[in-house]
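Worksheet: one structure, shown below.
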Amino acid sequence: MQQRSIKKLALAGVLCAVAVVGSVFVSFPVFGSKCAPVQHMVNILCAVFLGPWYGVAVAFAASLLRNLLGVGSLLAFPGSMCGALLCGLVYWKSKSLPATLAAEVVGTSLLGGLAAYPLAIAFLSADAGQVAYYAYVVPFLISTAAGSVLAGALTFALQRSGALKSMQAALGG
């Protein structure tokens, strides 16, 4: 039991680092948000290998580090955490990769986009607050769709090769 927890914690740390470093190299501005598709790929990998609670923790830690390093925005918190939670719960219950990919897109773009609006009003400039709440859905959708395509290609390749099951078994999942 303890060894399994150590493996999961180590993988969570590695995935958090991938999300932070990935946002340095693969990030682009769309309206008031900095789109980081690698974060969404990491959310899906966390869902598949670690579960929803680790996914939310990794999304929070990566968002915090990205903000502290100046390569993220406050909008990273609701977007990545909503997506990580929803796709983690969907994979946990269904074990379906296509449903998990769709849940990441819906969780980040729709739920995260809607949750970003009050955060933008409270903490960002007046211009960000004056933009209608649906304006955050579009940038989040662009970012999460790109990350979901990356994660889908990776997870389906792992599944076809049989590596996905052996990796999950090594983590106790």
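By convention in this document, the chains of the structure tokens carry letters A, B, ... by their order, each chain's residues are numbered from 1, and ligands are numbered from 1 in the order they are shown.
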
Every residue of chain A that DSSP places in helix (DSSP H, G or I), as an mmCIF file with C-alpha atoms, in the first residue's frame:
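Contents of the output file out.cif:
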data_model
loop_
_atom_site.group_PDB
_atom_site.id
_atom_site.type_symbol
_atom_site.label_atom_id
_atom_site.label_comp_id
_atom_site.auth_asym_id
_atom_site.auth_seq_id
_atom_site.Cartn_x
_atom_site.Cartn_y
_atom_site.Cartn_z
ATOM 1 C CA GLN A 2 2.721 2.476 0.971
ATOM 2 C CA GLN A 3 4.844 1.662 -2.098
ATOM 3 C CA ARG A 4 1.825 2.272 -4.327
ATOM 4 C CA SER A 5 1.283 5.685 -2.708
ATOM 5 C CA ILE A 6 4.942 6.589 -3.197
ATOM 6 C CA LYS A 7 4.759 5.637 -6.886
ATOM 7 C CA LYS A 8 1.602 7.693 -7.362
ATOM 8 C CA LEU A 9 3.100 10.690 -5.559
ATOM 9 C CA ALA A 10 6.273 10.458 -7.661
ATOM 10 C CA LEU A 11 4.260 10.276 -10.894
ATOM 11 C CA ALA A 12 2.132 13.221 -9.735
ATOM 12 C CA GLY A 13 5.322 15.236 -9.210
ATOM 13 C CA VAL A 14 6.646 14.322 -12.643
ATOM 14 C CA LEU A 15 3.328 15.216 -14.314
ATOM 15 C CA CYS A 16 3.234 18.524 -12.441
ATOM 16 C CA ALA A 17 6.727 19.299 -13.720
ATOM 17 C CA VAL A 18 5.683 18.347 -17.266
ATOM 18 C CA ALA A 19 2.725 20.744 -17.029
ATOM 19 C CA VAL A 20 4.874 23.625 -15.778
ATOM 20 C CA VAL A 21 7.740 23.106 -18.216
ATOM 21 C CA GLY A 22 5.299 22.428 -21.047
ATOM 22 C CA SER A 23 3.592 25.750 -20.406
ATOM 23 C CA VAL A 24 6.927 27.535 -20.813
ATOM 24 C CA PHE A 25 7.490 26.068 -24.274
ATOM 25 C CA PRO A 37 -2.425 22.637 -23.890
ATOM 26 C CA VAL A 38 0.191 20.536 -22.075
ATOM 27 C CA GLN A 39 -1.724 21.146 -18.828
ATOM 28 C CA HIS A 40 -4.799 19.508 -20.335
ATOM 29 C CA MET A 41 -2.768 16.563 -21.557
ATOM 30 C CA VAL A 42 -1.462 16.183 -17.998
ATOM 31 C CA ASN A 43 -5.025 16.355 -16.623
ATOM 32 C CA ILE A 44 -6.005 13.391 -18.777
ATOM 33 C CA LEU A 45 -2.875 11.427 -17.905
ATOM 34 C CA CYS A 46 -3.603 12.041 -14.228
ATOM 35 C CA ALA A 47 -7.166 10.806 -14.724
ATOM 36 C CA VAL A 48 -5.962 7.620 -16.408
ATOM 37 C CA PHE A 49 -3.068 6.816 -14.081
ATOM 38 C CA PRO A 52 -9.467 12.509 -9.870
ATOM 39 C CA TRP A 53 -8.054 13.694 -6.543
ATOM 40 C CA TYR A 54 -4.434 13.475 -7.640
ATOM 41 C CA GLY A 55 -5.490 15.177 -10.883
ATOM 42 C CA VAL A 56 -6.970 18.141 -9.040
ATOM 43 C CA ALA A 57 -3.897 18.364 -6.788
ATOM 44 C CA VAL A 58 -1.535 18.291 -9.790
ATOM 45 C CA ALA A 59 -3.643 20.910 -11.611
ATOM 46 C CA PHE A 60 -3.583 23.174 -8.540
ATOM 47 C CA ALA A 61 0.165 22.755 -7.974
ATOM 48 C CA ALA A 62 0.979 23.323 -11.651
ATOM 49 C CA SER A 63 -1.254 26.415 -11.786
ATOM 50 C CA LEU A 64 0.377 27.791 -8.650
ATOM 51 C CA LEU A 65 3.887 27.186 -9.972
ATOM 52 C CA ARG A 66 3.029 28.638 -13.389
ATOM 53 C CA ASN A 67 1.711 31.795 -11.702
ATOM 54 C CA LEU A 68 4.719 32.079 -9.396
ATOM 55 C CA LEU A 69 7.043 31.726 -12.403
ATOM 56 C CA ALA A 76 -5.325 28.641 -14.906
ATOM 57 C CA PHE A 77 -6.813 27.625 -11.553
ATOM 58 C CA PRO A 78 -10.487 27.205 -12.457
ATOM 59 C CA GLY A 79 -9.791 25.942 -15.974
ATOM 60 C CA SER A 80 -7.318 23.232 -15.137
ATOM 61 C CA MET A 81 -8.890 22.146 -11.855
ATOM 62 C CA CYS A 82 -12.439 21.826 -13.235
ATOM 63 C CA GLY A 83 -11.144 19.854 -16.203
ATOM 64 C CA ALA A 84 -8.985 17.594 -14.029
ATOM 65 C CA LEU A 85 -11.854 16.848 -11.676
ATOM 66 C CA LEU A 86 -14.423 16.093 -14.354
ATOM 67 C CA CYS A 87 -12.180 13.944 -16.553
ATOM 68 C CA GLY A 88 -10.835 12.144 -13.466
ATOM 69 C CA LEU A 89 -14.337 11.311 -12.260
ATOM 70 C CA VAL A 90 -15.442 10.178 -15.714
ATOM 71 C CA TYR A 91 -12.437 7.867 -16.142
ATOM 72 C CA TRP A 92 -12.802 6.544 -12.603
ATOM 73 C CA LYS A 93 -16.439 5.592 -13.237
ATOM 74 C CA SER A 94 -16.349 4.559 -16.914
ATOM 75 C CA LEU A 97 -10.806 7.066 -22.937
ATOM 76 C CA PRO A 98 -13.095 8.889 -25.405
ATOM 77 C CA ALA A 99 -15.464 9.881 -22.584
ATOM 78 C CA THR A 100 -12.493 11.059 -20.503
ATOM 79 C CA LEU A 101 -11.201 13.215 -23.361
ATOM 80 C CA ALA A 102 -14.657 14.741 -23.835
ATOM 81 C CA ALA A 103 -14.981 15.338 -20.089
ATOM 82 C CA GLU A 104 -11.696 17.259 -20.061
ATOM 83 C CA VAL A 105 -12.936 19.497 -22.864
ATOM 84 C CA VAL A 106 -16.321 20.116 -21.200
ATOM 85 C CA GLY A 107 -14.845 20.496 -17.706
ATOM 86 C CA THR A 108 -12.196 22.973 -18.746
ATOM 87 C CA SER A 109 -13.953 24.972 -21.435
ATOM 88 C CA LEU A 110 -17.480 25.146 -20.103
ATOM 89 C CA LEU A 111 -17.196 24.727 -16.324
ATOM 90 C CA GLY A 112 -13.713 26.259 -16.034
ATOM 91 C CA GLY A 113 -14.631 29.088 -18.414
ATOM 92 C CA LEU A 114 -17.710 29.937 -16.402
ATOM 93 C CA ALA A 115 -15.798 29.704 -13.122
ATOM 94 C CA ALA A 116 -13.103 32.044 -14.513
ATOM 95 C CA TYR A 117 -15.508 34.930 -14.930
ATOM 96 C CA PRO A 118 -15.944 35.794 -11.218
ATOM 97 C CA LEU A 119 -12.202 35.312 -10.704
ATOM 98 C CA ALA A 120 -11.466 37.741 -13.548
ATOM 99 C CA ILE A 121 -13.824 40.329 -12.044
ATOM 100 C CA ALA A 122 -12.343 39.948 -8.570
ATOM 101 C CA PHE A 123 -8.632 39.866 -9.374
ATOM 102 C CA ALA A 126 -11.632 46.046 -15.204
ATOM 103 C CA ASP A 127 -11.393 45.145 -18.896
ATOM 104 C CA ALA A 128 -11.289 41.444 -18.047
ATOM 105 C CA GLY A 129 -14.270 41.885 -15.781
ATOM 106 C CA GLN A 130 -16.274 43.707 -18.448
ATOM 107 C CA TYR A 133 -18.513 35.391 -19.051
ATOM 108 C CA TYR A 134 -18.707 33.296 -22.222
ATOM 109 C CA ALA A 135 -15.561 34.965 -23.578
ATOM 110 C CA TYR A 136 -13.478 32.689 -21.338
ATOM 111 C CA VAL A 137 -15.054 29.542 -22.749
ATOM 112 C CA VAL A 138 -13.494 30.053 -26.211
ATOM 113 C CA PRO A 139 -9.824 30.334 -25.133
ATOM 114 C CA PHE A 140 -10.241 27.444 -22.711
ATOM 115 C CA LEU A 141 -11.852 25.389 -25.482
ATOM 116 C CA ILE A 142 -8.925 26.040 -27.840
ATOM 117 C CA SER A 143 -6.382 25.100 -25.197
ATOM 118 C CA THR A 144 -8.145 21.993 -23.914
ATOM 119 C CA ALA A 145 -8.960 20.696 -27.406
ATOM 120 C CA ALA A 146 -5.269 20.819 -28.346
ATOM 121 C CA GLY A 147 -4.245 19.144 -25.088
ATOM 122 C CA SER A 148 -6.929 16.488 -25.461
ATOM 123 C CA VAL A 149 -5.700 15.617 -28.950
ATOM 124 C CA LEU A 150 -2.167 15.186 -27.564
ATOM 125 C CA ALA A 151 -3.384 13.070 -24.653
ATOM 126 C CA GLY A 152 -5.680 11.036 -26.899
ATOM 127 C CA ALA A 153 -2.838 10.179 -29.274
ATOM 128 C CA LEU A 154 -0.603 9.171 -26.370
ATOM 129 C CA THR A 155 -3.159 7.162 -24.395
ATOM 130 C CA PHE A 156 -4.575 5.355 -27.428
ATOM 131 C CA ALA A 157 -1.017 4.411 -28.496
ATOM 132 C CA LEU A 158 -0.312 3.114 -24.994
ATOM 133 C CA GLN A 159 -3.582 1.201 -25.016
ATOM 134 C CA ARG A 160 -2.894 -0.403 -28.425
ATOM 135 C CA SER A 161 0.565 -1.521 -27.328
ATOM 136 C CA ALA A 163 1.535 -0.605 -22.055
ATOM 137 C CA LEU A 164 -1.431 1.273 -20.580
ATOM 138 C CA LYS A 165 -2.669 -1.713 -18.570
ATOM 139 C CA SER A 166 0.788 -2.639 -17.339
ATOM 140 C CA MET A 167 1.502 0.950 -16.285
ATOM 141 C CA GLN A 168 -1.840 1.137 -14.465
ATOM 142 C CA ALA A 169 -1.141 -2.207 -12.784
ATOM 143 C CA ALA A 170 2.264 -0.962 -11.610
#

Residues of segment 2-127 of chain A in strand (DSSP E) according to DSSP, as an NGL selection string?
:A and (28-30 or 33-35)

Could you write those residues out with all heavy atoms, as a PDB file, in the first residue's frame?
ATOM      1  N   PHE A  28       0.266  30.015 -25.542  1.00  0.00           N
ATOM      2  CA  PHE A  28      -0.054  31.119 -26.444  1.00  0.00           C
ATOM      3  C   PHE A  28      -1.228  31.893 -25.872  1.00  0.00           C
ATOM      4  O   PHE A  28      -2.118  31.326 -25.257  1.00  0.00           O
ATOM      5  CB  PHE A  28      -0.355  30.612 -27.860  1.00  0.00           C
ATOM      6  CG  PHE A  28      -1.350  29.483 -27.910  1.00  0.00           C
ATOM      7  CD1 PHE A  28      -2.707  29.739 -28.047  1.00  0.00           C
ATOM      8  CD2 PHE A  28      -0.919  28.172 -27.814  1.00  0.00           C
ATOM      9  CE1 PHE A  28      -3.617  28.701 -28.079  1.00  0.00           C
ATOM     10  CE2 PHE A  28      -1.827  27.128 -27.851  1.00  0.00           C
ATOM     11  CZ  PHE A  28      -3.183  27.394 -27.987  1.00  0.00           C
ATOM     12  N   PRO A  29      -1.226  33.217 -26.054  1.00  0.00           N
ATOM     13  CA  PRO A  29      -2.321  34.030 -25.518  1.00  0.00           C
ATOM     14  C   PRO A  29      -3.542  34.003 -26.437  1.00  0.00           C
ATOM     15  O   PRO A  29      -3.418  34.051 -27.654  1.00  0.00           O
ATOM     16  CB  PRO A  29      -1.722  35.433 -25.455  1.00  0.00           C
ATOM     17  CG  PRO A  29      -0.674  35.437 -26.514  1.00  0.00           C
ATOM     18  CD  PRO A  29      -0.161  34.024 -26.612  1.00  0.00           C
ATOM     19  N   VAL A  30      -4.705  33.893 -25.823  1.00  0.00           N
ATOM     20  CA  VAL A  30      -5.979  34.038 -26.531  1.00  0.00           C
ATOM     21  C   VAL A  30      -6.858  34.876 -25.613  1.00  0.00           C
ATOM     22  O   VAL A  30      -7.181  34.454 -24.509  1.00  0.00           O
ATOM     23  CB  VAL A  30      -6.645  32.677 -26.817  1.00  0.00           C
ATOM     24  CG1 VAL A  30      -8.011  32.873 -27.458  1.00  0.00           C
ATOM     25  CG2 VAL A  30      -5.776  31.808 -27.699  1.00  0.00           C
ATOM     26  N   SER A  33      -6.472  35.030 -21.584  1.00  0.00           N
ATOM     27  CA  SER A  33      -5.915  33.847 -20.968  1.00  0.00           C
ATOM     28  C   SER A  33      -4.672  33.382 -21.708  1.00  0.00           C
ATOM     29  O   SER A  33      -4.473  33.690 -22.877  1.00  0.00           O
ATOM     30  CB  SER A  33      -6.978  32.750 -20.926  1.00  0.00           C
ATOM     31  OG  SER A  33      -6.767  31.746 -21.831  1.00  0.00           O
ATOM     32  N   LYS A  34      -3.816  32.662 -20.988  1.00  0.00           N
ATOM     33  CA  LYS A  34      -2.649  32.043 -21.599  1.00  0.00           C
ATOM     34  C   LYS A  34      -2.985  30.567 -21.765  1.00  0.00           C
ATOM     35  O   LYS A  34      -3.127  29.843 -20.787  1.00  0.00           O
ATOM     36  CB  LYS A  34      -1.418  32.203 -20.707  1.00  0.00           C
ATOM     37  CG  LYS A  34      -0.901  33.610 -20.649  1.00  0.00           C
ATOM     38  CD  LYS A  34       0.361  33.683 -19.818  1.00  0.00           C
ATOM     39  CE  LYS A  34       0.848  35.109 -19.721  1.00  0.00           C
ATOM     40  NZ  LYS A  34       2.001  35.239 -18.848  1.00  0.00           N
ATOM     41  N   CYS A  35      -3.122  30.126 -22.989  1.00  0.00           N
ATOM     42  CA  CYS A  35      -3.496  28.748 -23.266  1.00  0.00           C
ATOM     43  C   CYS A  35      -2.275  27.851 -23.141  1.00  0.00           C
ATOM     44  O   CYS A  35      -1.237  28.131 -23.718  1.00  0.00           O
ATOM     45  CB  CYS A  35      -4.098  28.628 -24.663  1.00  0.00           C
ATOM     46  SG  CYS A  35      -5.645  29.529 -24.808  1.00  0.00           S
TER      47      CYS A  35
END
